[in-house]
Amino acid sequence: MTDEPGLERPYTFAEPIPTERLVLRPMRLADADAVHAYQSREDVCRYLLFEPRDRARVAERVTEYVAHDRLERTGDYVQIAVERRSDGRLLGDVYFQLKSVPNRTGEIGWTFHPDHHGQGYASEAARAVLGLAFRRLGLHRVVAELDPRNDASIRLCRRLGLREEAHFVRDLWFRGEWADTGVYAILDEEFARAGEAAPADPD
Ligand SMILES: CC(C)(COP(=O)(O)OP(=O)(O)OC[C@H]1O[C@@H](n2cnc3c(N)ncnc32)[C@H](O)[C@@H]1OP(=O)(O)O)[C@@H](O)C(=O)NCCC(=O)NCCS
């Protein structure tokens with residue numbers, strides 16, 4: 001049930017979201033090979049909370065992603081497949097979780113195949129997901145948590161307009177050592193202001 005006027009919640013992720021070069025669409029079972037191509041890599045998983053996955057584990061996870069298409073309650077998430085329009089290739093995914101319904105907060109995360117880094121695809125996809133979060137779901141705040149050594153992810157946060165809000169020191173036992181956590185965030189009004197300064201979304 002929607003608890004605020006004008007909000008599209010519960011939201012079922014069924015309709016693809018087009019951007020200039022990409023289509024954001026629900027994950028499919030047939031995506032397992034493409035997801036395995038990046039979730040199996042050491043370099044991709046360096047700062048992720050999971051170790052490189054084999055094909056069977058990826059297939060299990062993709063089955064779970066396919067089943068999670070609804071954002072209604074705290075903790076609900078979608079793992080959004082990011083496909084390139086020009087050739088239909090799956091480039092990576094954007095994770096989005098409804099972190100707190102009462103506080104209207106979401107959490108975003110991203111993983112792209114290294115073959116497709118450095119071309120602005122993650123920025124383009126994540127910006128569309130922030131649009132979904134603020135304009136359609138009516139959220140107030142979106143956060144990203146990351147390993148502060150993950151420079152590419154920090155640059156992506158900044159490009160999107162997320163501010164560094166916290167740096168927790170040695171708060172996470174991560175692969176045999178204590179690691180730090182960085183928290184970045186953007187508010188609805190900040191996203192709206194950034195949108196006014198940027199060209200309009202194609203959709
Ligand atoms: C984090 C991650 C998604 C960032 O990917 P990315 O490709 O660097 O990010 P973008 O899509 O925003 O691309 C931006 C880069 O492309 C360049 N670029 C080229 N064409 C561009 C365009 N049309 N628009 C925007 N940027 C463009 C930018 O200059 C920028 O380069 P820079 O970072 O060297 O300054 C990627 O490194 C990744 O998947 N890492 C592994 C998983 C991971 O660690 N996830 C994060 C966990 S917190």
# chains A, B, ... in the order shown; residues from 1 in each chain; ligands from 1
$ residues_near_ligand --ligand "ligand 1" --cutoff "9 Å" --atoms "only C-alpha atoms and all ligand atoms" --output "count of residues only"
46
$ select_by_dssp --residues "chain A" --states "strand (DSSP E)" --output "PyMOL selection string"
chain A and resi 11-12+17-18+22-26+70-71+77-84+90-100+105-112+141-146+163-174+177-187
$ residues_around --residues "Arg170 of chain A" --least-positions-apart "2" --cutoff "8 Å" --atoms "only C-alpha atoms" --output "list in words"
Phe168, Leu172, Trp173, Trp178, Ala179, Asp180 and Thr181 of chain A
$ closest_atom_pairs --of "segment 6-112 of chain A" --to "segment 183-187 of chain A" --cutoff "12 Å" --atoms "only C-alpha atoms" --output "JSON lines"
{"residue": "A:Asn103", "atom": "CA", "partner": "A:Leu187", "partner_atom": "CA", "distance": 11.8}
{"residue": "A:Arg104", "atom": "CA", "partner": "A:Leu187", "partner_atom": "CA", "distance": 10.4}
{"residue": "A:Thr105", "atom": "CA", "partner": "A:Leu187", "partner_atom": "CA", "distance": 9.2}
{"residue": "A:Gly106", "atom": "CA", "partner": "A:Ala185", "partner_atom": "CA", "distance": 9.7}
{"residue": "A:Glu107", "atom": "CA", "partner": "A:Ala185", "partner_atom": "CA", "distance": 8.9}
{"residue": "A:Ile108", "atom": "CA", "partner": "A:Ala185", "partner_atom": "CA", "distance": 9.6}
{"residue": "A:Gly109", "atom": "CA", "partner": "A:Tyr184", "partner_atom": "CA", "distance": 11.1}
$ write_last_selection --atoms "N, CA, C and O atoms" --output "CSV table (one decimal), in the first residue's frame"
chain,number,residue,atom,x,y,z
A,103,ASN,N,11.5,6.0,6.4
A,103,ASN,CA,12.4,7.1,6.1
A,103,ASN,C,12.6,7.4,4.6
A,103,ASN,O,13.4,8.2,4.3
A,104,ARG,N,11.8,6.7,3.8
A,104,ARG,CA,11.9,6.9,2.3
A,104,ARG,C,13.3,6.9,1.8
A,104,ARG,O,13.7,7.8,1.1
A,105,THR,N,14.0,5.9,2.2
A,105,THR,CA,15.4,5.8,1.8
A,105,THR,C,15.7,4.5,1.0
A,105,THR,O,15.2,3.5,1.3
A,106,GLY,N,16.5,4.7,-0.1
A,106,GLY,CA,16.9,3.6,-0.9
A,106,GLY,C,18.4,3.4,-0.9
A,106,GLY,O,19.1,4.4,-0.5
A,107,GLU,N,18.9,2.3,-1.3
A,107,GLU,CA,20.3,2.1,-1.4
A,107,GLU,C,20.6,1.6,-2.9
A,107,GLU,O,19.9,0.8,-3.4
A,108,ILE,N,21.7,2.1,-3.4
A,108,ILE,CA,22.0,1.8,-4.8
A,108,ILE,C,23.4,1.2,-4.8
A,108,ILE,O,24.3,1.5,-4.0
A,109,GLY,N,23.6,0.3,-5.8
A,109,GLY,CA,25.0,-0.3,-6.0
A,109,GLY,C,25.1,-0.7,-7.5
A,109,GLY,O,24.1,-0.7,-8.2
$ residues_around --residues "Thr63 of chain A" --least-positions-apart "2" --cutoff "10 Å" --atoms "only C-alpha atoms" --output "ChimeraX atom specification"
/A:27-32,57-61,65-68
$ residues_around --residues "Arg25 of chain A" --least-positions-apart "3" --cutoff "8 Å" --atoms "only C-alpha atoms" --output "PyMOL selection string"
chain A and resi 13-17+80-83
